[in-house]
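Structure file upload-v8.pdb; described as PDB, C-alpha atoms.
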```pdb
ATOM      1  CA  MET A   1      -1.186 -12.890  -8.678
ATOM      2  CA  TYR A   2      -2.949 -10.062  -6.899
ATOM      3  CA  PHE A   3      -5.823 -10.079  -4.476
ATOM      4  CA  ALA A   4      -7.678  -7.034  -3.212
ATOM      5  CA  ALA A   5     -10.620  -6.870  -0.848
ATOM      6  CA  LEU A   6     -12.510  -4.347   1.221
ATOM      7  CA  LEU A   7     -13.389  -5.064   4.843
ATOM      8  CA  ALA A   8     -15.997  -2.655   6.159
ATOM      9  CA  ARG A   9     -16.808  -2.589   9.862
ATOM     10  CA  THR A  10     -20.523  -2.488  10.603
ATOM     11  CA  GLU A  11     -22.727  -2.821  13.676
ATOM     12  CA  ASP A  12     -22.980  -6.536  12.914
ATOM     13  CA  GLY A  13     -19.246  -7.131  12.428
ATOM     14  CA  TRP A  14     -17.125  -7.035   9.308
ATOM     15  CA  GLU A  15     -18.431  -7.240   5.755
ATOM     16  CA  ALA A  16     -16.096  -8.176   2.936
ATOM     17  CA  SER A  17     -16.211  -7.507  -0.755
ATOM     18  CA  ASP A  18     -13.673  -8.244  -3.412
ATOM     19  CA  THR A  19     -12.759  -5.287  -5.476
ATOM     20  CA  GLU A  20     -11.298  -4.594  -8.856
ATOM     21  CA  LEU A  21      -8.611  -1.948  -8.796
ATOM     22  CA  ASP A  22      -8.308  -1.638 -12.568
ATOM     23  CA  ASP A  23     -10.137   1.709 -12.612
ATOM     24  CA  VAL A  24      -8.333   3.062  -9.553
ATOM     25  CA  GLU A  25      -5.561   5.432 -10.595
ATOM     26  CA  THR A  26      -4.726   7.315  -7.400
ATOM     27  CA  LEU A  27      -4.762   6.901  -3.647
ATOM     28  CA  SER A  28      -7.666   9.357  -3.586
ATOM     29  CA  ASP A  29      -9.653   7.069  -5.925
ATOM     30  CA  LEU A  30      -8.898   4.138  -3.635
ATOM     31  CA  ALA A  31     -10.048   6.083  -0.566
ATOM     32  CA  ASP A  32     -13.281   7.053  -2.350
ATOM     33  CA  LEU A  33     -13.875   3.402  -3.255
ATOM     34  CA  ALA A  34     -13.412   2.454   0.393
ATOM     35  CA  ARG A  35     -15.774   5.193   1.592
ATOM     36  CA  GLU A  36     -18.481   3.902  -0.752
ATOM     37  CA  ALA A  37     -18.302   0.544   1.056
ATOM     38  CA  SER A  38     -19.371   2.160   4.337
ATOM     39  CA  PRO A  39     -22.270   4.593   4.156
ATOM     40  CA  ASP A  40     -22.048   5.175   7.938
ATOM     41  CA  ASP A  41     -18.424   6.413   7.847
ATOM     42  CA  ASP A  42     -17.239   3.342   9.725
ATOM     43  CA  THR A  43     -13.728   1.955   9.342
ATOM     44  CA  VAL A  44     -12.916   0.357   6.002
ATOM     45  CA  LEU A  45      -9.747  -1.594   5.338
ATOM     46  CA  VAL A  46      -8.472  -2.117   1.823
ATOM     47  CA  LEU A  47      -6.314  -5.230   1.835
ATOM     48  CA  ILE A  48      -4.004  -5.810  -1.115
ATOM     49  CA  GLU A  49      -1.482  -8.566  -1.645
ATOM     50  CA  GLN A  50       0.808  -9.788  -4.330
ATOM     51  CA  GLU A  51       1.369 -13.456  -3.721
ATOM     52  CA  ASP A  52       4.486 -14.096  -1.612
ATOM     53  CA  ALA A  53       5.947 -10.634  -2.350
ATOM     54  CA  TRP A  54       4.210  -7.892  -0.357
ATOM     55  CA  PHE A  55       0.951  -6.798   1.202
ATOM     56  CA  GLY A  56      -0.610  -3.461   1.921
ATOM     57  CA  VAL A  57      -3.322  -2.149   4.203
ATOM     58  CA  VAL A  58      -5.130   1.113   3.599
ATOM     59  CA  ARG A  59      -7.395   2.275   6.401
ATOM     60  CA  VAL A  60     -10.124   4.800   5.770
ATOM     61  CA  ASP A  61     -12.089   6.189   8.705
ATOM     62  CA  GLY A  62     -14.862   8.452   7.402
ATOM     63  CA  GLU A  63     -13.480  11.567   5.761
ATOM     64  CA  ASP A  64     -10.056  11.300   7.440
ATOM     65  CA  ASP A  65      -7.009  10.935   5.225
ATOM     66  CA  PRO A  66      -6.237   7.299   4.452
ATOM     67  CA  ARG A  67      -3.575   5.603   6.546
ATOM     68  CA  ILE A  68      -1.255   3.213   4.737
ATOM     69  CA  TYR A  69       1.047   0.336   5.598
ATOM     70  CA  VAL A  70       3.114  -1.557   3.010
ATOM     71  CA  SER A  71       5.134  -4.613   4.059
ATOM     72  CA  ASP A  72       7.952  -4.252   1.492
ATOM     73  CA  ALA A  73       8.235  -0.943  -0.320
ATOM     74  CA  ALA A  74      10.739  -2.109  -2.936
ATOM     75  CA  ALA A  75       8.626  -5.106  -3.918
ATOM     76  CA  ALA A  76       5.463  -2.989  -4.006
ATOM     77  CA  GLN A  77       7.134  -0.361  -6.176
ATOM     78  CA  ARG A  78       7.438  -2.947  -8.942
ATOM     79  CA  SER A  79       3.673  -3.401  -9.041
ATOM     80  CA  ALA A  80       0.955  -1.140 -10.372
ATOM     81  CA  TYR A  81      -1.138  -1.565  -7.233
ATOM     82  CA  GLY A  82       1.841  -0.971  -5.004
ATOM     83  CA  GLU A  83       2.641   2.263  -6.790
ATOM     84  CA  LEU A  84      -0.826   3.531  -5.785
ATOM     85  CA  LEU A  85       0.136   3.198  -2.136
ATOM     86  CA  LEU A  86       3.719   4.422  -2.268
ATOM     87  CA  THR A  87       3.196   8.145  -2.156
ATOM     88  CA  ASP A  88       6.129  10.540  -1.897
ATOM     89  CA  GLU A  89       4.965  11.426   1.614
ATOM     90  CA  LEU A  90       4.927   7.761   2.640
ATOM     91  CA  LEU A  91       8.467   7.303   1.314
ATOM     92  CA  GLY A  92       9.656  10.517   2.980
ATOM     93  CA  ARG A  93      10.715  12.347  -0.146
ATOM     94  CA  GLU A  94       9.809  15.553  -1.911
ATOM     95  CA  PRO A  95       6.850  15.275  -4.306
ATOM     96  CA  GLY A  96       8.073  14.399  -7.789
ATOM     97  CA  ALA A  97      11.637  13.754  -6.612
ATOM     98  CA  ASP A  98      11.977  10.565  -8.640
ATOM     99  CA  ASP A  99      10.104  11.779 -11.700
ATOM    100  CA  VAL A 100      12.074  12.610 -14.806
ATOM    101  CA  ASP A 101       9.605  14.403 -17.034
ATOM    102  CA  ASP A 102      12.111  15.986 -19.397
ATOM    103  CA  LEU A 103      13.602  13.106 -21.351
ATOM    104  CA  ASP A 104      15.707  15.577 -23.356
ATOM    105  CA  SER A 105      17.838  16.136 -20.253
ATOM    106  CA  LEU A 106      18.891  12.476 -20.285
ATOM    107  CA  ASP A 107      21.961  11.348 -22.175
ATOM    108  CA  LEU A 108      21.801   8.070 -24.058
ATOM    109  CA  ASP A 109      23.573   6.312 -21.183
ATOM    110  CA  GLY A 110      20.678   7.178 -18.833
ATOM    111  CA  THR A 111      22.463   9.900 -16.882
ATOM    112  CA  GLU A 112      21.264  13.474 -16.722
ATOM    113  CA  ASP A 113      23.166  16.228 -18.523
ATOM    114  CA  GLY A 114      26.355  17.067 -16.654
ATOM    115  CA  GLU A 115      26.181  13.928 -14.522
ATOM    116  CA  SER A 116      28.696  11.149 -14.975
ATOM    117  CA  GLU A 117      27.985   7.493 -14.459
ATOM    118  CA  SER A 118      30.408   7.449 -11.509
ATOM    119  CA  ASP A 119      28.416  10.263  -9.837
ATOM    120  CA  GLU A 120      25.329   8.116 -10.234
ATOM    121  CA  ASP A 121      27.094   5.121  -8.687
ATOM    122  CA  ASP A 122      28.224   7.234  -5.716
ATOM    123  CA  GLU A 123      24.644   8.267  -4.997
ATOM    124  CA  GLU A 124      23.222   4.758  -4.907
ATOM    125  CA  GLY A 125      21.881   3.888  -1.491
ATOM    126  CA  THR A 126      21.885   7.474  -0.242
ATOM    127  CA  GLY A 127      19.100   9.121  -2.190
ATOM    128  CA  ASP A 128      15.621   8.066  -3.136
ATOM    129  CA  ALA A 129      16.169   4.304  -3.012
ATOM    130  CA  VAL A 130      13.034   2.499  -1.914
ATOM    131  CA  PRO A 131      13.758   0.233   1.048
ATOM    132  CA  HIS A 132      13.172  -3.514   1.162
ATOM    133  CA  SER A 133      11.326  -2.965   4.404
ATOM    134  CA  PRO A 134       7.936  -1.873   5.692
ATOM    135  CA  VAL A 135       6.834   1.725   5.225
ATOM    136  CA  GLY A 136       3.866   3.659   6.480
ATOM    137  CA  ASP A 137       1.786   3.566   9.620
ATOM    138  CA  SER A 138       2.745   0.361  11.395
ATOM    139  CA  GLN A 139       0.224   1.170  14.156
ATOM    140  CA  ILE A 140      -2.612   1.221  11.626
ATOM    141  CA  LEU A 141      -4.372  -1.759  13.250
ATOM    142  CA  ASP A 142      -3.414  -1.246  16.923
ATOM    143  CA  ASP A 143      -6.921  -0.300  18.046
ATOM    144  CA  LEU A 144      -8.301  -3.321  16.172
ATOM    145  CA  GLY A 145      -6.141  -5.791  18.093
ATOM    146  CA  ILE A 146      -3.079  -6.132  15.861
ATOM    147  CA  SER A 147       0.004  -4.534  17.350
ATOM    148  CA  GLU A 148       2.836  -2.948  15.405
ATOM    149  CA  LYS A 149       5.087  -5.880  16.301
ATOM    150  CA  GLU A 150       2.506  -8.424  15.098
ATOM    151  CA  LEU A 151       1.906  -6.520  11.850
ATOM    152  CA  ARG A 152       5.612  -6.292  11.065
ATOM    153  CA  ALA A 153       6.057 -10.018  11.768
ATOM    154  CA  LEU A 154       3.456 -11.137   9.202
ATOM    155  CA  ASP A 155       4.635 -13.024   6.136
ATOM    156  CA  ALA A 156       3.366 -11.771   2.788
ATOM    157  CA  ASP A 157       1.998 -15.204   1.850
ATOM    158  CA  ASP A 158      -0.590 -15.359   4.677
ATOM    159  CA  ALA A 159      -0.760 -11.793   6.019
ATOM    160  CA  LEU A 160      -4.290 -10.956   4.896
ATOM    161  CA  SER A 161      -5.663 -14.184   6.336
ATOM    162  CA  SER A 162      -3.870 -13.486   9.622
ATOM    163  CA  ILE A 163      -5.220  -9.938   9.747
ATOM    164  CA  ALA A 164      -8.750 -11.114   9.000
ATOM    165  CA  GLU A 165      -8.488 -13.823  11.653
ATOM    166  CA  ALA A 166      -7.358 -11.317  14.288
ATOM    167  CA  LEU A 167     -10.300  -9.077  13.361
ATOM    168  CA  GLY A 168     -12.774 -11.959  13.510
ATOM    169  CA  ALA A 169     -13.402 -11.584   9.792
ATOM    170  CA  SER A 170     -11.653 -14.620   8.329
ATOM    171  CA  GLU A 171     -14.888 -16.285   7.183
ATOM    172  CA  VAL A 172     -16.142 -13.198   5.363
ATOM    173  CA  LEU A 173     -12.765 -12.625   3.731
ATOM    174  CA  GLU A 174     -12.563 -16.214   2.541
ATOM    175  CA  THR A 175     -15.984 -15.880   0.874
ATOM    176  CA  VAL A 176     -14.581 -13.244  -1.496
ATOM    177  CA  ARG A 177     -11.251 -14.953  -2.175
TER     178      ARG A 177
END
```

Re-express the file's structure as structure tokens.
Amino acid sequence: MYFAALLARTEDGWEASDTELDDVETLSDLADLAREASPDDDTVLVLIEQEDAWFGVVRVDGEDDPRIYVSDAAAAQRSAYGELLLTDELLGREPGADDVDDLDSLDLDGTEDGESESDEDDEEGTGDAVPHSPVGDSQILDDLGISEKELRALDADDALSSIAEALGASEVLETVR
């Protein structure tokens, strides 16, 4: 089960709204959605969680590029919403490095032409494997009172509630849950 919400900082505190991500196809779309939640270019946090598996925070400050933190990249990669956040840049790889657009170059055993299965086995763990660990900007919430150490220590099952509580926004987040 997924949950996604926007927390927009205003003069009066934080305002929360639940959000549907069904029409969001790219990180740019997600950033635009966040910017719409704050007409004054204040900070907006997009909080996304998949129950007990992973959580992600996207921070948008005005027109700046979004900053991203994902608690477990491998778990997020298996989800449509997680794939939005896991950009090549975030994972530290060349754009399109894991894409195989030319299916004709694949043999029936799933290897590329000229590549043996043993070559593939030798490369496991050294190439583009997505880690079962946090990725992104772990200092994303430092100036809001949540240190890198605290963020990394959060469990996926209650992370968003803990973040909202630290921000003083737990009541507004719970209203949209």

Answer as an MDAnalysis selection string, residues within 12 Å of (5.7, -13.7, 6.9) using only C-alpha atoms:
chainID A and resid 51:55 71:72 150:163

Where is the centre and how long are the edges: axis-aligned box on segment 51-67 of chain A, 4 Å on each side, Å to one decimal, as JSON:
```
{"center_x": -4.5, "center_y": -1.3, "center_z": 2.5, "size_x": 28.8, "size_y": 33.7, "size_z": 20.4}
```

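Between atom CA of Leu30 of chain A and atom CA of Asp18 of chain A there is a distance of 13.3 Å.
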
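Considering the residues A:Leu7, A:Leu47, A:Ala16, A:Leu91 and counting only C-alpha atoms, Gln77 of chain A has its shortest atom-to-atom contact with A:Leu91.
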
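The interatomic distance for the pair atom CA of Arg9 of chain A and atom CA of Ser38 of chain A works out to 7.7 Å.
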
I need the output of the PyMOL selection byres ((chain A and resi 10) around 12) for this file as an NGL selection string; which residues are they?
:A and (7-9 or 11-16 or 37-44 or 169)

Name the residues that the PyMOL selection byres ((chain A and resi 19) around 8) picks from the file above, as a list in words, using the file's chain letters and numbers.
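Checking the PyMOL selection byres ((chain A and resi 19) around 8) against this file, the residues are Ala4, Ala5, Leu6, Ser17, Asp18, Glu20 and Leu21 of chain A.
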
As a VMD selection string, please: the residues near Leu27 of chain A (cut-off 9 Å, all atoms listed in the file, same-chain neighbours under 5 positions excluded).
chain A and resid 32 66 84 to 87

What's the separation between atom CA of Ile48 of chain A and atom CA of Glu94 of chain A, in Å to one decimal place?
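Between atom CA of Ile48 of chain A and atom CA of Glu94 of chain A the gap works out to 25.5 Å.
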
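Every residue that the PyMOL selection byres ((chain A and resi 74) around 6) selects in this file is listed here: Asp72, Ala73, Ala75, Ala76, Gln77, Val130, Pro131 and His132 of chain A.
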
Can you tell me which residues surround segment 146-149 of chain A at a distance of at most 12 Å, considering all atoms listed in the file, apart from same-chain residues fewer than 5 positions away, and format the answer as a ChimeraX atom specification?
/A:69,71,134-141,154,159,162-168
